Amino acid sequence: MKSKKKRAKQKKLPYIYNRKWRDKSETDTPKEIQPVIRFKSKIEGKSVLKDLVQGNIEIENNTIEDFVILRADGSPTYNLSASVDDHLMGMTHIIRGDDHKINTFKQIQIYDAMNWKVPSFAHIPLIHTIEGKKLSKRDNASTLDDYSKIGIMPIALRNYLLRLGWSYKDKEIFDLDESIKYFNLEGIGKSPSKLDISRIYSINEHYIKNIDENDLFNFLITYCDTFHEKITDLAQKKIKNSLHFLKNKAKTLEDIYKNSKFLINDRVQIEKEDKKLLDETAIKIIKLFSNEIIKLTNFTRETLEPIINDLIKNNNTNFKGVGQPLRICLTGSKFGPGIYDILSALGKEEVSRRLSQIR
RNA sequence: GGUCCCUUCGUCUAUCGGUUAGGACACAUGGUUUUCAUCCAUGAAAGAGGGGUUCGAUUCCCCUAGGGACCGCCA
């Protein structure tokens, strides 16, 4: 058989099992081989699958070969196992990928042969990569874990996947209750859709900014524990208090984590590139700022703003001239949360401590 | 190659015979801003092609093209 198949492929002819043993009796079986058991599939006529998504699909029965249901070792193949299992489990609806369409014609014949009630089928289109091919496990962003790793929240991915290949009017954001309430088979499109990572980021960002802050906090801590580092109770407290501004600049949990690093680590590490930005004037401004804040009893935006404004005026510079050195000294990075957010999150003592280490 | 399926902006999609073809993401420009980002405004951007049916087709039918899935003693 193997050789026949090869020949068919070379000649580019359709291969179909020749049904050689279809009508032989059991006694004709050669003794020296372990036979497989094939299903005596319909040869005449057509079959119609009333698919809940795809509509009616018609196929000539003779294009379905006598498929194997028991292997040589006696174990059942997928099509037999799936049919039996689904029947025994009382399945009423089978919703699965498009790639199972042909199997359905085989499985329906098994149901019929057993006189079982045939369930309803819905074959949903596959998800394609951006290149337009079936998404497979080999693709680097195909598993849930891949998305968790980059800080995509489950609820965001759920929302994205819900809207991929399905729609309800112009609605884009669905919480869990709405997903259940509005989802239906009728809204599913027939053509495969491509996975668009920027859309996933965008929805994730929406959830980061709009869900309850306690929920966000829990997602974040779980994420850090799993993929980065264990966050101490003290650091957790600091993050929780600052989450309202940390989340503003984030598309992913990873972004929030990065923005929180200055709260997690007490030691500030300044990159070489950034160190260059701390020239004489910058250091001078830092010193002046340090001296000013010592006098403060309240350490808030209201009390800090006049100090910074004076520094800008007296040193003939702009906000960047003061804000950037401060940010670098306090967080080790040019980028990050707003300077007043950083200052009040760290508090007067910590700010003084970090600035005193600059020389 | 055979069988089956699909086809509206770059992407996800709305439209169920009559619309300036709508929205969202992404993109571009401008504004706000304190870096990065957010936010706001504006803009560019689509019915694969050809035939029918019809007063009228993105919408219904046919053909062509393009794309996809399946073609295992895998699931």
# chains A, B, ... in the order shown; residues from 1 in each chain; ligands from 1
>>> select_by_dssp(residues="segment 89-235 of chain A", states="alpha helix (DSSP H)", output="PyMOL selection string")
chain A and resi 101-114+144-149+154-163+176-182+197-210+213-227+233-235
>>> interface_residues(of="chain A", to="chain B", cutoff="7 Å", atoms="only C-alpha atoms (C1' of nucleotides)", output="ChimeraX atom specification")
/A:12-14,36,63,68,71-72,78,98-99,102,164,167,169-170,172,190-191,196,198-199,248-249,319-320,323-324,334-336,338
>>> write_last_selection(atoms="C-alpha atoms", output="short mmCIF file (atom, residue, chain, number, x, y, z; two decimals), in the first residue's frame")
data_model
loop_
_atom_site.label_atom_id
_atom_site.label_comp_id
_atom_site.auth_asym_id
_atom_site.auth_seq_id
_atom_site.Cartn_x
_atom_site.Cartn_y
_atom_site.Cartn_z
CA LYS A 12 -0.01 13.59 -8.84
CA LEU A 13 -3.05 11.38 -9.00
CA PRO A 14 -5.60 11.20 -6.23
CA VAL A 36 -6.48 -3.35 10.73
CA THR A 63 -14.44 10.50 -1.83
CA VAL A 68 -9.32 2.61 9.76
CA ARG A 71 -5.27 -0.38 14.40
CA ALA A 72 -3.33 -3.60 13.90
CA TYR A 78 -9.36 9.02 16.68
CA ASP A 98 -12.43 23.80 10.41
CA ASP A 99 -9.72 21.21 9.93
CA ILE A 102 -13.80 15.81 6.61
CA LEU A 164 -11.49 37.34 16.46
CA SER A 167 -18.65 40.22 16.16
CA LYS A 169 -22.51 45.10 16.16
CA ASP A 170 -19.72 47.60 16.76
CA GLU A 172 -15.33 45.78 21.01
CA LYS A 190 -16.68 31.85 7.65
CA SER A 191 -13.19 32.88 6.72
CA ASP A 196 -2.82 40.70 15.15
CA SER A 198 -0.97 45.03 18.21
CA ARG A 199 -4.67 44.51 18.77
CA ASN A 248 -0.99 54.87 33.13
CA LYS A 249 2.03 54.24 31.00
CA PHE A 319 11.87 71.43 33.08
CA LYS A 320 13.92 68.80 31.35
CA GLY A 323 13.43 66.62 35.77
CA GLN A 324 15.78 64.41 33.81
CA LYS A 334 15.49 58.33 31.64
CA PHE A 335 12.02 56.93 31.16
CA GLY A 336 9.31 56.22 33.62
CA GLY A 338 6.05 61.49 36.08
#
>>> select_by_dssp(residues="segment 31-264 of chain A", states="strand (DSSP E or B)", output="ChimeraX atom specification")
/A:37-38,46-51,55-60,68-70,76,93-97,120-124,127-128,134,166,188,193-194
>>> closest_residue(among="A:Pro35, A:Arg19, A:Ile312, A:Arg301", to="Asn62 of chain A", atoms="only C-alpha atoms")
A:Arg19
>>> atom_distance(atom1="atom CA of Ile180 of chain A", atom2="atom CA of Asp86 of chain A")
23.4 Å
>>> closest_residue(among="A:Ala122, A:Pro30, A:Leu296, A:Phe67", to="Lys50 of chain A", atoms="only C-alpha atoms")
A:Ala122
>>> residues_around(residues="C63 of chain B", least_positions_apart="6", cutoff="12 Å", atoms="only C-alpha atoms (C1' of nucleotides)", output="list of chain:residue names")
B:G49, B:G50, B:G51, B:G52
>>> write_last_selection(atoms="C-alpha atoms (C1' of nucleotides)", output="mmCIF file, in the first residue's frame")
data_model
loop_
_atom_site.group_PDB
_atom_site.id
_atom_site.type_symbol
_atom_site.label_atom_id
_atom_site.label_comp_id
_atom_site.auth_asym_id
_atom_site.auth_seq_id
_atom_site.Cartn_x
_atom_site.Cartn_y
_atom_site.Cartn_z
ATOM 1 C "C1'" G B 49 -11.848 40.594 -11.696
ATOM 2 C "C1'" G B 50 -15.682 39.554 -15.371
ATOM 3 C "C1'" G B 51 -20.537 38.333 -16.585
ATOM 4 C "C1'" G B 52 -25.664 38.049 -15.388
#
>>> atom_distance(atom1="atom C1' of U58 of chain B", atom2="atom CA of Gly55 of chain A")
20.7 Å
>>> residues_around(residues="C40 of chain B", least_positions_apart="2", cutoff="12 Å", atoms="only C-alpha atoms (C1' of nucleotides)", output="PyMOL selection string")
chain B and resi 30-33+38+42
>>> write_last_selection(atoms="N, CA and C atoms (P, O5', C5', C4', C3', O3' and C1' of nucleotides)", output="PDB file, in the first residue's frame")
ATOM      1  P     G B  30       3.258  67.479  12.615  1.00  0.00           P
ATOM      2  O5'   G B  30       2.012  68.148  13.367  1.00  0.00           O
ATOM      3  C5'   G B  30       1.456  69.367  12.881  1.00  0.00           C
ATOM      4  C4'   G B  30       0.198  69.699  13.628  1.00  0.00           C
ATOM      5  C3'   G B  30       0.344  69.858  15.133  1.00  0.00           C
ATOM      6  O3'   G B  30       0.874  71.113  15.519  1.00  0.00           O
ATOM      7  C1'   G B  30      -1.556  68.547  14.662  1.00  0.00           C
ATOM      8  P     G B  31       1.636  71.253  16.902  1.00  0.00           P
ATOM      9  O5'   G B  31       0.445  71.131  17.956  1.00  0.00           O
ATOM     10  C5'   G B  31      -0.563  72.149  18.006  1.00  0.00           C
ATOM     11  C4'   G B  31      -1.600  71.798  19.033  1.00  0.00           C
ATOM     12  C3'   G B  31      -1.061  71.517  20.432  1.00  0.00           C
ATOM     13  O3'   G B  31      -0.789  72.690  21.160  1.00  0.00           O
ATOM     14  C1'   G B  31      -2.615  69.840  19.839  1.00  0.00           C
ATOM     15  P     U B  32       0.344  72.653  22.273  1.00  0.00           P
ATOM     16  O5'   U B  32      -0.344  71.810  23.428  1.00  0.00           O
ATOM     17  C5'   U B  32      -1.521  72.299  24.078  1.00  0.00           C
ATOM     18  C4'   U B  32      -1.979  71.304  25.120  1.00  0.00           C
ATOM     19  C3'   U B  32      -0.907  70.881  26.121  1.00  0.00           C
ATOM     20  O3'   U B  32      -0.748  71.835  27.165  1.00  0.00           O
ATOM     21  C1'   U B  32      -2.055  68.969  25.329  1.00  0.00           C
ATOM     22  P     U B  33       0.755  72.308  27.508  1.00  0.00           P
ATOM     23  O5'   U B  33       1.386  71.030  28.189  1.00  0.00           O
ATOM     24  C5'   U B  33       0.728  70.390  29.281  1.00  0.00           C
ATOM     25  C4'   U B  33       1.396  69.069  29.556  1.00  0.00           C
ATOM     26  C3'   U B  33       2.919  69.127  29.609  1.00  0.00           C
ATOM     27  O3'   U B  33       3.384  69.555  30.875  1.00  0.00           O
ATOM     28  C1'   U B  33       2.234  67.313  28.247  1.00  0.00           C
ATOM     29  P     U B  38       0.576  56.141  23.693  1.00  0.00           P
ATOM     30  O5'   U B  38      -0.335  56.697  24.872  1.00  0.00           O
ATOM     31  C5'   U B  38      -0.957  55.809  25.777  1.00  0.00           C
ATOM     32  C4'   U B  38      -1.583  56.575  26.907  1.00  0.00           C
ATOM     33  C3'   U B  38      -2.840  57.353  26.558  1.00  0.00           C
ATOM     34  O3'   U B  38      -3.966  56.497  26.531  1.00  0.00           O
ATOM     35  C1'   U B  38      -1.429  58.704  27.876  1.00  0.00           C
ATOM     36  P     U B  42     -12.473  65.130  14.707  1.00  0.00           P
ATOM     37  O5'   U B  42     -11.402  65.287  13.548  1.00  0.00           O
ATOM     38  C5'   U B  42     -11.244  66.526  12.866  1.00  0.00           C
ATOM     39  C4'   U B  42      -9.999  66.486  12.011  1.00  0.00           C
ATOM     40  C3'   U B  42      -9.948  65.390  10.960  1.00  0.00           C
ATOM     41  O3'   U B  42     -10.693  65.706   9.802  1.00  0.00           O
ATOM     42  C1'   U B  42      -7.875  65.499  12.090  1.00  0.00           C
TER      43        U B  42
END
>>> atom_distance(atom1="atom CA of Asn315 of chain A", atom2="atom CA of Thr281 of chain A")
8.4 Å
>>> residues_around(residues="Glu205 of chain A", least_positions_apart="4", cutoff="7 Å", atoms="only C-alpha atoms (C1' of nucleotides)", output="PyMOL selection string")
chain A and resi 201+209+250-252
>>> residues_around(residues="segment 344-352 of chain A", least_positions_apart="5", cutoff="10 Å", atoms="only C-alpha atoms (C1' of nucleotides)", output="short mmCIF file (atom, residue, chain, number, x, y, z; two decimals) with N, CA and C atoms, in the first residue's frame")
data_model
loop_
_atom_site.label_atom_id
_atom_site.label_comp_id
_atom_site.auth_asym_id
_atom_site.auth_seq_id
_atom_site.Cartn_x
_atom_site.Cartn_y
_atom_site.Cartn_z
N LYS A 238 4.17 49.30 48.48
CA LYS A 238 4.53 50.49 47.71
C LYS A 238 3.89 50.47 46.33
N ILE A 239 3.93 49.32 45.70
CA ILE A 239 3.35 49.21 44.35
C ILE A 239 1.85 49.48 44.40
N ASN A 241 0.16 51.26 46.43
CA ASN A 241 -0.12 52.69 46.60
C ASN A 241 0.16 53.51 45.35
N SER A 242 1.00 52.99 44.49
CA SER A 242 1.40 53.76 43.30
C SER A 242 0.77 53.25 42.02
N PHE A 245 -0.73 55.47 39.16
CA PHE A 245 0.06 56.14 38.12
C PHE A 245 0.97 55.16 37.36
N PHE A 262 11.87 50.89 40.44
CA PHE A 262 12.49 51.85 41.36
C PHE A 262 11.90 51.75 42.76
N LEU A 263 10.71 51.13 42.84
CA LEU A 263 10.11 50.90 44.15
C LEU A 263 10.56 49.57 44.74
N ASP A 266 16.03 49.08 46.19
CA ASP A 266 16.48 50.28 46.89
C ASP A 266 17.71 50.86 46.23
N LYS A 287 22.03 68.90 44.04
CA LYS A 287 22.43 69.31 45.39
C LYS A 287 21.49 70.40 45.93
N PHE A 289 18.48 70.97 45.03
CA PHE A 289 17.17 70.37 45.30
C PHE A 289 17.19 69.65 46.65
N SER A 290 18.26 68.89 46.88
CA SER A 290 18.39 68.16 48.15
C SER A 290 18.31 69.11 49.33
N ASN A 291 19.02 70.21 49.20
CA ASN A 291 19.04 71.17 50.31
C ASN A 291 17.67 71.78 50.57
N ILE A 293 14.62 70.42 49.91
CA ILE A 293 13.57 69.54 50.42
C ILE A 293 13.73 69.20 51.89
N ILE A 294 14.95 69.37 52.39
CA ILE A 294 15.16 69.09 53.82
C ILE A 294 14.23 69.92 54.68
N LEU A 296 11.27 70.82 54.02
CA LEU A 296 9.84 70.54 53.84
C LEU A 296 9.29 69.66 54.95
N THR A 297 8.05 70.00 55.36
CA THR A 297 7.36 69.10 56.28
C THR A 297 6.34 68.27 55.51
N ASN A 298 5.74 68.89 54.50
CA ASN A 298 4.88 68.14 53.59
C ASN A 298 5.66 67.84 52.32
N PHE A 299 5.55 66.61 51.86
CA PHE A 299 6.29 66.22 50.66
C PHE A 299 5.30 65.85 49.56
N THR A 300 4.73 66.89 48.96
CA THR A 300 3.70 66.66 47.96
C THR A 300 3.99 67.49 46.73
N ARG A 301 3.20 67.24 45.70
CA ARG A 301 3.37 68.01 44.47
C ARG A 301 3.26 69.50 44.75
N LEU A 304 6.46 70.70 46.30
CA LEU A 304 7.65 70.46 45.48
C LEU A 304 7.69 71.32 44.22
N LEU A 326 16.97 64.39 37.95
CA LEU A 326 16.26 63.86 39.12
C LEU A 326 15.77 62.44 38.86
N CYS A 329 18.66 59.96 38.80
CA CYS A 329 19.22 59.70 40.12
C CYS A 329 18.28 58.87 41.00
N LEU A 330 17.01 59.06 40.81
CA LEU A 330 16.05 58.38 41.69
C LEU A 330 15.65 57.00 41.17
N ILE A 339 7.64 62.86 37.26
CA ILE A 339 8.61 63.12 38.33
C ILE A 339 7.94 63.34 39.69
N GLN A 357 23.63 59.97 47.48
CA GLN A 357 24.64 59.05 46.94
C GLN A 357 25.20 59.51 45.60
#
>>> residues_around(residues="A45 of chain B", least_positions_apart="4", cutoff="10 Å", atoms="only C-alpha atoms (C1' of nucleotides)", output="list in words")
C9, G10 and C27 of chain B
>>> closest_residue(among="A:Ile108, A:Leu162, A:Leu157, A:Ala141", to="Asn79 of chain A", atoms="only C-alpha atoms")
A:Ile108
